[in-house]
Amino acid sequence: MRLFEDSGLCLEDKDKFFIDARAKKDQDIVITHAHSDHAKTTTQNRYFMSKGTSALLKKGKKSEINEIPFKKKFRLGEFSVSLHNAGHILGSSQLKVEGNKTVVFTSDFKLQDSILFKGAEIIPSDILVIESTFGAPQHFFPERDIVYAEMKKWMKEKMKENKFIVLGGYSTGKAQELTRLVNEFLGEAPFVHGKIAEQNSAYEANGVNLGEYRKLNNNLREGNVLIMPPHLIGTSLLAALAHEAGRKVECALATGWNGRGYKTFPLSDHADFNQLMRYVEKSNPKLVLTHHGFASQFARYVKRKLGIEARELGKKGQKTLNEFA
Ligand SMILES: [Zn+2]
């Protein structure tokens, strides 16, 4: 069996399939979740994903998409595969492949429960392929309830000061959590950017309650909060919004990354270093393969602190790195 990166991930024995891969033709491809760096469909492959992921995706015309419920086994060639909750965004999936060895691919995940979802299931494995976006100890996220409490306090204060509040969060995942939080904390239906409104509808169609919201229009004076994708937030936009709302604007971003000088709440949809270590420890694999972010650094920590063999996942063509009996 071979396992390597190839415009996504690939598991190959007599048969093979890909995970979150692009630029392929006539292949079986599992899409773990709807973030654009993982999901792109064309008419040239067969795709397998959860119903939630399918609902959030912009699909290519006539793409062949098979929706698979969590925990249901299905076959990809010789492999027996199942999808499991990753707690990252709507429909986000880990992959379990069962055979001589159990191989688990976490893809993007978090262990924290959020106001919308349960955290990821920890799956026992022989080989664990784990994302290591925040795989260094300086990446520490407080408990979500603590961050929620801080956000509530901040929003209520700003409302009292008669400020117009702008919150930044990724259109797919974070913005839906913010929509619900604004409803819970302020009893208010926030304005949301058009792309966010679209993704909000997909969440609702899949049974996730977000509360109320309004698509962004020119009536900012009728509300107090706007949720925007963070890449659109900048000085000129905030000045325009202040003009439109007729009062001062306060802005905060919800992200695990540094907030570009804006007020930041560390609300991440990824596992921090401690959650990554906890996943490895409880999954109890014989071998850990890391990819994304701090891959080699995290592998060294796993080896040193947990005594489990670990290394960065190899790329296509690096034979010795990727062969498993
Ligand atoms: Zn993601």
# chains A, B, ... in the order shown; residues from 1 in each chain; ligands from 1
call {"tool": "select_by_dssp", "arguments": {"residues": "range 25-114 of chain A", "states": "alpha helix (DSSP H)", "output": "PyMOL selection string"}}
result
chain A and resi 51-56
call {"tool": "residues_around", "arguments": {"residues": "range 74-90 of chain A", "least_positions_apart": "3", "cutoff": "6 Å", "atoms": "only C-alpha atoms", "output": "number ranges by chain"}}
result
A: 15, 52, 70-71, 93-98, 109-110, 118-120, 173, 269
call {"tool": "residues_around", "arguments": {"residues": "Leu276 in chain A", "least_positions_apart": "3", "cutoff": "10 Å", "atoms": "only C-alpha atoms", "output": "MDAnalysis selection string"}}
result
chainID A and resid 109:111 130:136 270:273 279:281 298 302
call {"tool": "write_last_selection", "arguments": {"atoms": "all heavy atoms", "output": "short mmCIF file (atom, residue, chain, number, x, y, z; two decimals), in the first residue's frame"}}
result
data_model
loop_
_atom_site.label_atom_id
_atom_site.label_comp_id
_atom_site.auth_asym_id
_atom_site.auth_seq_id
_atom_site.Cartn_x
_atom_site.Cartn_y
_atom_site.Cartn_z
N PHE A 109 -10.06 19.40 11.01
CA PHE A 109 -10.97 19.00 12.09
C PHE A 109 -10.75 19.86 13.32
O PHE A 109 -9.75 20.58 13.42
CB PHE A 109 -10.76 17.52 12.46
CG PHE A 109 -9.54 17.28 13.32
CD1 PHE A 109 -9.64 17.16 14.70
CD2 PHE A 109 -8.27 17.19 12.74
CE1 PHE A 109 -8.51 16.95 15.50
CE2 PHE A 109 -7.14 16.99 13.52
CZ PHE A 109 -7.26 16.86 14.91
N LYS A 110 -11.71 19.82 14.25
CA LYS A 110 -11.48 20.35 15.60
C LYS A 110 -12.20 19.44 16.59
O LYS A 110 -13.18 18.80 16.24
CB LYS A 110 -11.94 21.80 15.73
CG LYS A 110 -13.44 22.06 15.70
CD LYS A 110 -13.72 23.52 16.06
CE LYS A 110 -15.19 23.87 15.99
NZ LYS A 110 -15.79 23.81 14.64
N LEU A 111 -11.68 19.40 17.81
CA LEU A 111 -12.31 18.57 18.84
C LEU A 111 -13.31 19.36 19.66
O LEU A 111 -14.20 18.79 20.29
CB LEU A 111 -11.24 17.97 19.76
CG LEU A 111 -10.28 16.96 19.11
CD1 LEU A 111 -9.29 16.43 20.15
CD2 LEU A 111 -11.03 15.80 18.48
N ILE A 130 -2.84 13.06 9.61
CA ILE A 130 -3.47 14.14 10.37
C ILE A 130 -3.04 15.51 9.83
O ILE A 130 -1.88 15.71 9.48
CB ILE A 130 -3.13 14.00 11.88
CG1 ILE A 130 -3.95 14.97 12.73
CG2 ILE A 130 -1.64 14.17 12.15
CD1 ILE A 130 -3.89 14.63 14.24
N GLU A 131 -4.01 16.43 9.71
CA GLU A 131 -3.66 17.80 9.28
C GLU A 131 -2.96 18.50 10.44
O GLU A 131 -3.35 18.33 11.59
CB GLU A 131 -4.93 18.56 8.87
CG GLU A 131 -5.91 18.86 10.01
CD GLU A 131 -5.95 20.33 10.40
OE1 GLU A 131 -5.09 21.10 9.94
OE2 GLU A 131 -6.85 20.69 11.17
N SER A 132 -1.93 19.28 10.15
CA SER A 132 -1.19 19.92 11.25
C SER A 132 -1.08 21.42 11.03
O SER A 132 -0.04 22.03 11.27
CB SER A 132 0.20 19.28 11.36
OG SER A 132 0.79 19.13 10.08
N THR A 133 -2.20 22.03 10.60
CA THR A 133 -2.25 23.48 10.35
C THR A 133 -1.68 24.27 11.53
O THR A 133 -0.93 25.21 11.35
CB THR A 133 -3.72 23.92 10.11
OG1 THR A 133 -4.25 23.10 9.07
CG2 THR A 133 -3.81 25.38 9.71
N PHE A 134 -2.10 23.93 12.76
CA PHE A 134 -1.63 24.64 13.95
C PHE A 134 -0.75 23.72 14.81
O PHE A 134 -0.85 23.74 16.04
CB PHE A 134 -2.83 25.15 14.75
CG PHE A 134 -3.58 26.28 14.08
CD1 PHE A 134 -4.84 26.06 13.52
CD2 PHE A 134 -3.03 27.55 13.98
CE1 PHE A 134 -5.54 27.10 12.90
CE2 PHE A 134 -3.72 28.59 13.36
CZ PHE A 134 -4.97 28.36 12.82
N GLY A 135 0.12 22.94 14.16
CA GLY A 135 0.88 21.90 14.86
C GLY A 135 2.14 22.36 15.56
O GLY A 135 3.16 21.69 15.49
N ALA A 136 2.09 23.50 16.22
CA ALA A 136 3.22 23.97 17.03
C ALA A 136 2.65 24.56 18.32
O ALA A 136 1.57 25.16 18.30
CB ALA A 136 4.03 25.01 16.27
N HIS A 270 -10.18 24.85 13.33
CA HIS A 270 -9.13 23.83 13.32
C HIS A 270 -8.78 23.43 14.75
O HIS A 270 -9.06 24.15 15.70
CB HIS A 270 -7.86 24.38 12.66
CG HIS A 270 -7.97 24.53 11.18
ND1 HIS A 270 -7.64 23.54 10.31
CD2 HIS A 270 -8.41 25.56 10.42
CE1 HIS A 270 -7.84 23.94 9.07
NE2 HIS A 270 -8.31 25.17 9.11
N ALA A 271 -8.10 22.28 14.86
CA ALA A 271 -7.56 21.86 16.15
C ALA A 271 -6.31 22.68 16.45
O ALA A 271 -5.51 22.94 15.55
CB ALA A 271 -7.19 20.38 16.08
N ASP A 272 -6.15 23.10 17.70
CA ASP A 272 -4.87 23.72 18.09
C ASP A 272 -3.88 22.60 18.44
O ASP A 272 -4.19 21.41 18.31
CB ASP A 272 -5.07 24.72 19.25
CG ASP A 272 -5.48 24.07 20.56
OD1 ASP A 272 -5.64 22.83 20.61
OD2 ASP A 272 -5.64 24.80 21.55
N PHE A 273 -2.69 22.98 18.86
CA PHE A 273 -1.64 22.00 19.14
C PHE A 273 -2.10 20.92 20.14
O PHE A 273 -1.91 19.73 19.92
CB PHE A 273 -0.39 22.73 19.66
CG PHE A 273 0.74 21.81 19.99
CD1 PHE A 273 1.51 21.25 18.99
CD2 PHE A 273 1.04 21.51 21.31
CE1 PHE A 273 2.58 20.40 19.30
CE2 PHE A 273 2.09 20.65 21.63
CZ PHE A 273 2.86 20.11 20.62
N TYR A 279 -5.73 14.03 19.87
CA TYR A 279 -6.26 13.13 18.84
C TYR A 279 -5.29 11.97 18.62
O TYR A 279 -5.68 10.79 18.63
CB TYR A 279 -6.51 13.87 17.51
CG TYR A 279 -7.35 13.04 16.56
CD1 TYR A 279 -8.66 13.41 16.23
CD2 TYR A 279 -6.84 11.85 16.02
CE1 TYR A 279 -9.43 12.62 15.40
CE2 TYR A 279 -7.61 11.06 15.19
CZ TYR A 279 -8.90 11.44 14.88
OH TYR A 279 -9.67 10.65 14.06
N VAL A 280 -3.99 12.29 18.45
CA VAL A 280 -3.00 11.24 18.18
C VAL A 280 -2.97 10.24 19.33
O VAL A 280 -3.02 9.03 19.13
CB VAL A 280 -1.60 11.85 17.97
CG1 VAL A 280 -0.56 10.73 17.83
CG2 VAL A 280 -1.57 12.75 16.74
N GLU A 281 -2.91 10.77 20.56
CA GLU A 281 -2.81 9.91 21.74
C GLU A 281 -3.98 8.94 21.82
O GLU A 281 -3.82 7.74 22.03
CB GLU A 281 -2.75 10.80 22.98
CG GLU A 281 -2.21 10.08 24.18
CD GLU A 281 -1.98 11.03 25.35
OE1 GLU A 281 -2.38 12.22 25.27
OE2 GLU A 281 -1.42 10.58 26.35
N PHE A 298 5.42 19.18 13.80
CA PHE A 298 4.44 18.42 14.58
C PHE A 298 4.85 16.94 14.65
O PHE A 298 4.71 16.31 15.70
CB PHE A 298 3.04 18.58 14.00
CG PHE A 298 1.99 17.88 14.83
CD1 PHE A 298 1.77 18.27 16.15
CD2 PHE A 298 1.26 16.82 14.33
CE1 PHE A 298 0.84 17.62 16.94
CE2 PHE A 298 0.32 16.16 15.11
CZ PHE A 298 0.11 16.56 16.42
N VAL A 302 5.30 14.63 18.08
CA VAL A 302 4.61 13.36 18.30
C VAL A 302 5.62 12.28 18.71
O VAL A 302 5.41 11.53 19.66
CB VAL A 302 3.82 12.93 17.04
CG1 VAL A 302 3.34 11.48 17.15
CG2 VAL A 302 2.64 13.87 16.80
#
call {"tool": "residues_near_ligand", "arguments": {"ligand": "ligand 1", "cutoff": "7 Å", "atoms": "only C-alpha atoms and all ligand atoms", "output": "list in words"}}
result
His33, His35, His88 and Asp108 of chain A
call {"tool": "write_last_selection", "arguments": {"atoms": "all heavy atoms", "output": "CSV table (one decimal), in the first residue's frame"}}
result
chain,number,residue,atom,x,y,z
A,33,HIS,N,-14.5,18.2,2.7
A,33,HIS,CA,-15.4,19.3,3.1
A,33,HIS,C,-15.3,20.4,2.0
A,33,HIS,O,-14.5,20.4,1.1
A,33,HIS,CB,-15.1,19.9,4.5
A,33,HIS,CG,-13.7,20.5,4.6
A,33,HIS,ND1,-12.5,19.8,4.6
A,33,HIS,CD2,-13.3,21.8,4.7
A,33,HIS,CE1,-11.5,20.6,4.7
A,33,HIS,NE2,-12.0,21.8,4.8
A,35,HIS,N,-14.5,23.7,1.8
A,35,HIS,CA,-13.6,24.8,1.7
A,35,HIS,C,-12.9,24.7,0.3
A,35,HIS,O,-12.5,23.6,-0.1
A,35,HIS,CB,-12.6,24.8,2.8
A,35,HIS,CG,-13.2,25.5,4.1
A,35,HIS,ND1,-12.7,25.1,5.3
A,35,HIS,CD2,-14.1,26.4,4.2
A,35,HIS,CE1,-13.4,25.9,6.2
A,35,HIS,NE2,-14.3,26.6,5.6
A,88,HIS,N,-15.6,20.4,11.7
A,88,HIS,CA,-14.9,21.5,11.2
A,88,HIS,C,-15.9,22.5,10.6
A,88,HIS,O,-16.0,23.7,11.1
A,88,HIS,CB,-13.9,21.0,10.1
A,88,HIS,CG,-13.1,22.0,9.4
A,88,HIS,ND1,-12.3,22.9,10.0
A,88,HIS,CD2,-13.1,22.3,8.0
A,88,HIS,CE1,-11.7,23.7,9.0
A,88,HIS,NE2,-12.2,23.3,7.8
A,108,ASP,N,-9.3,18.5,7.7
A,108,ASP,CA,-9.4,19.6,8.7
A,108,ASP,C,-10.4,19.2,9.8
A,108,ASP,O,-11.5,18.7,9.4
A,108,ASP,CB,-9.9,20.9,8.0
A,108,ASP,CG,-8.9,21.5,7.0
A,108,ASP,OD1,-7.8,21.0,7.0
A,108,ASP,OD2,-9.2,22.4,6.3
call {"tool": "closest_atom_pairs", "arguments": {"of": "range 111-165 of chain A", "to": "range 212-234 of chain A", "cutoff": "9 Å", "atoms": "only C-alpha atoms", "output": "JSON lines"}}
result
{"residue": "A:Met159", "atom": "CA", "partner": "A:Asn224", "partner_atom": "CA", "distance": 7.4}
{"residue": "A:Asn162", "atom": "CA", "partner": "A:Asn224", "partner_atom": "CA", "distance": 8.5}
{"residue": "A:Lys163", "atom": "CA", "partner": "A:Asn224", "partner_atom": "CA", "distance": 7.5}
{"residue": "A:Phe164", "atom": "CA", "partner": "A:Asn224", "partner_atom": "CA", "distance": 5.1}
{"residue": "A:Ile165", "atom": "CA", "partner": "A:Val225", "partner_atom": "CA", "distance": 4.7}
call {"tool": "write_last_selection", "arguments": {"atoms": "N, CA and C atoms", "output": "JSON list (two decimals), in the first residue's frame"}}
result
[["chain", "number", "residue", "atom", "x", "y", "z"],
["A", 159, "MET", "N", -22.72, 47.84, 21.57],
["A", 159, "MET", "CA", -24.13, 48.22, 21.33],
["A", 159, "MET", "C", -24.51, 49.37, 22.25],
["A", 162, "ASN", "N", -23.55, 52.62, 21.25],
["A", 162, "ASN", "CA", -24.20, 52.99, 19.99],
["A", 162, "ASN", "C", -23.28, 52.87, 18.77],
["A", 163, "LYS", "N", -22.39, 51.85, 18.82],
["A", 163, "LYS", "CA", -21.52, 51.60, 17.67],
["A", 163, "LYS", "C", -22.20, 50.63, 16.71],
["A", 164, "PHE", "N", -21.83, 50.71, 15.44],
["A", 164, "PHE", "CA", -22.26, 49.70, 14.46],
["A", 164, "PHE", "C", -21.16, 48.63, 14.43],
["A", 165, "ILE", "N", -21.56, 47.35, 14.61],
["A", 165, "ILE", "CA", -20.57, 46.27, 14.77],
["A", 165, "ILE", "C", -20.38, 45.53, 13.45]]
call {"tool": "closest_atom_pairs", "arguments": {"of": "range 178-270 of chain A", "to": "range 55-59 of chain A", "cutoff": "9 Å", "atoms": "only C-alpha atoms", "output": "JSON lines"}}
result
{"residue": "A:Glu198", "atom": "CA", "partner": "A:Leu56", "partner_atom": "CA", "distance": 8.7}
{"residue": "A:Gln199", "atom": "CA", "partner": "A:Leu56", "partner_atom": "CA", "distance": 6.3}
{"residue": "A:Ala202", "atom": "CA", "partner": "A:Ala55", "partner_atom": "CA", "distance": 5.7}
{"residue": "A:Tyr203", "atom": "CA", "partner": "A:Leu56", "partner_atom": "CA", "distance": 7.9}
{"residue": "A:Ala205", "atom": "CA", "partner": "A:Ala55", "partner_atom": "CA", "distance": 8.3}
{"residue": "A:Asn206", "atom": "CA", "partner": "A:Ala55", "partner_atom": "CA", "distance": 8.0}
call {"tool": "closest_residue", "arguments": {"among": "A:Glu143, A:Glu323, A:Asp6, A:Glu67", "to": "Ile31 in chain A", "atoms": "only C-alpha atoms"}}
result
A:Glu67
call {"tool": "closest_atom_pairs", "arguments": {"of": "range 166-190 of chain A", "to": "range 236-247 of chain A", "cutoff": "12 Å", "atoms": "only C-alpha atoms", "output": "CSV"}}
result
residue,atom,partner,partner_atom,distance
A:Val166,CA,A:Leu238,CA,8.2
A:Leu167,CA,A:Leu238,CA,11.0
A:Gly168,CA,A:Leu238,CA,11.6
call {"tool": "select_by_dssp", "arguments": {"residues": "range 184-299 of chain A", "states": "strand (DSSP E)", "output": "list of chain:residue names"}}
result
A:Phe191, A:Val192, A:Arg214, A:Lys215, A:Val225, A:Leu226, A:Ile227, A:Met228, A:Val249, A:Glu250, A:Cys251, A:Ala252, A:Leu253, A:Ala254, A:Lys263, A:Thr264, A:Phe265, A:Leu287, A:Val288, A:Leu289, A:Thr290, A:His291
call {"tool": "write_last_selection", "arguments": {"atoms": "C-alpha atoms", "output": "PDB file, in the first residue's frame"}}
result
ATOM      1  CA  PHE A 191     -26.935  41.723   8.080  1.00  0.00           C
ATOM      2  CA  VAL A 192     -24.792  39.247   6.131  1.00  0.00           C
ATOM      3  CA  ARG A 214     -30.825  39.730   6.573  1.00  0.00           C
ATOM      4  CA  LYS A 215     -28.951  39.893   3.308  1.00  0.00           C
ATOM      5  CA  VAL A 225     -24.442  44.217  13.154  1.00  0.00           C
ATOM      6  CA  LEU A 226     -22.962  43.154   9.815  1.00  0.00           C
ATOM      7  CA  ILE A 227     -21.076  39.889   9.124  1.00  0.00           C
ATOM      8  CA  MET A 228     -18.538  39.998   6.266  1.00  0.00           C
ATOM      9  CA  VAL A 249     -18.056  51.343  13.431  1.00  0.00           C
ATOM     10  CA  GLU A 250     -16.266  48.746  15.591  1.00  0.00           C
ATOM     11  CA  CYS A 251     -14.761  45.722  13.852  1.00  0.00           C
ATOM     12  CA  ALA A 252     -13.610  42.315  15.114  1.00  0.00           C
ATOM     13  CA  LEU A 253     -12.402  39.193  13.326  1.00  0.00           C
ATOM     14  CA  ALA A 254     -13.102  35.618  14.426  1.00  0.00           C
ATOM     15  CA  LYS A 263      -9.710  43.116  17.462  1.00  0.00           C
ATOM     16  CA  THR A 264      -9.511  39.297  17.185  1.00  0.00           C
ATOM     17  CA  PHE A 265     -11.449  36.510  18.855  1.00  0.00           C
ATOM     18  CA  LEU A 287       2.484   5.520  12.526  1.00  0.00           C
ATOM     19  CA  VAL A 288       1.490   9.191  12.160  1.00  0.00           C
ATOM     20  CA  LEU A 289       1.786  11.040   8.845  1.00  0.00           C
ATOM     21  CA  THR A 290       1.410  14.817   9.033  1.00  0.00           C
ATOM     22  CA  HIS A 291       0.517  17.305   6.325  1.00  0.00           C
TER      23      HIS A 291
END
call {"tool": "residues_around", "arguments": {"residues": "Met49 in chain A", "least_positions_apart": "2", "cutoff": "7 Å", "atoms": "only C-alpha atoms", "output": "short mmCIF file (atom, residue, chain, number, x, y, z; two decimals) with C-alpha atoms, in the first residue's frame"}}
result
data_model
loop_
_atom_site.label_atom_id
_atom_site.label_comp_id
_atom_site.auth_asym_id
_atom_site.auth_seq_id
_atom_site.Cartn_x
_atom_site.Cartn_y
_atom_site.Cartn_z
CA VAL A 30 -13.49 11.74 -1.87
CA ILE A 31 -14.13 15.39 -0.93
CA THR A 32 -13.75 15.88 2.82
CA TYR A 47 -17.00 12.19 -6.38
CA LYS A 51 -24.77 15.47 2.05
CA THR A 53 -20.57 19.04 1.78
CA SER A 54 -22.59 18.52 -1.38
CA ASN A 66 -22.40 10.35 -4.58
CA GLU A 67 -23.74 11.51 -1.20
CA ILE A 68 -22.67 9.15 1.59
#
call {"tool": "atom_distance", "arguments": {"atom1": "CA of Trp257 in chain A", "atom2": "CA of Ala295 in chain A"}}
result
17.2 Å
call {"tool": "closest_residue", "arguments": {"among": "A:Val129, A:Ile122, A:Met277, A:Val147", "to": "Leu9 in chain A", "atoms": "only C-alpha atoms"}}
result
A:Val129
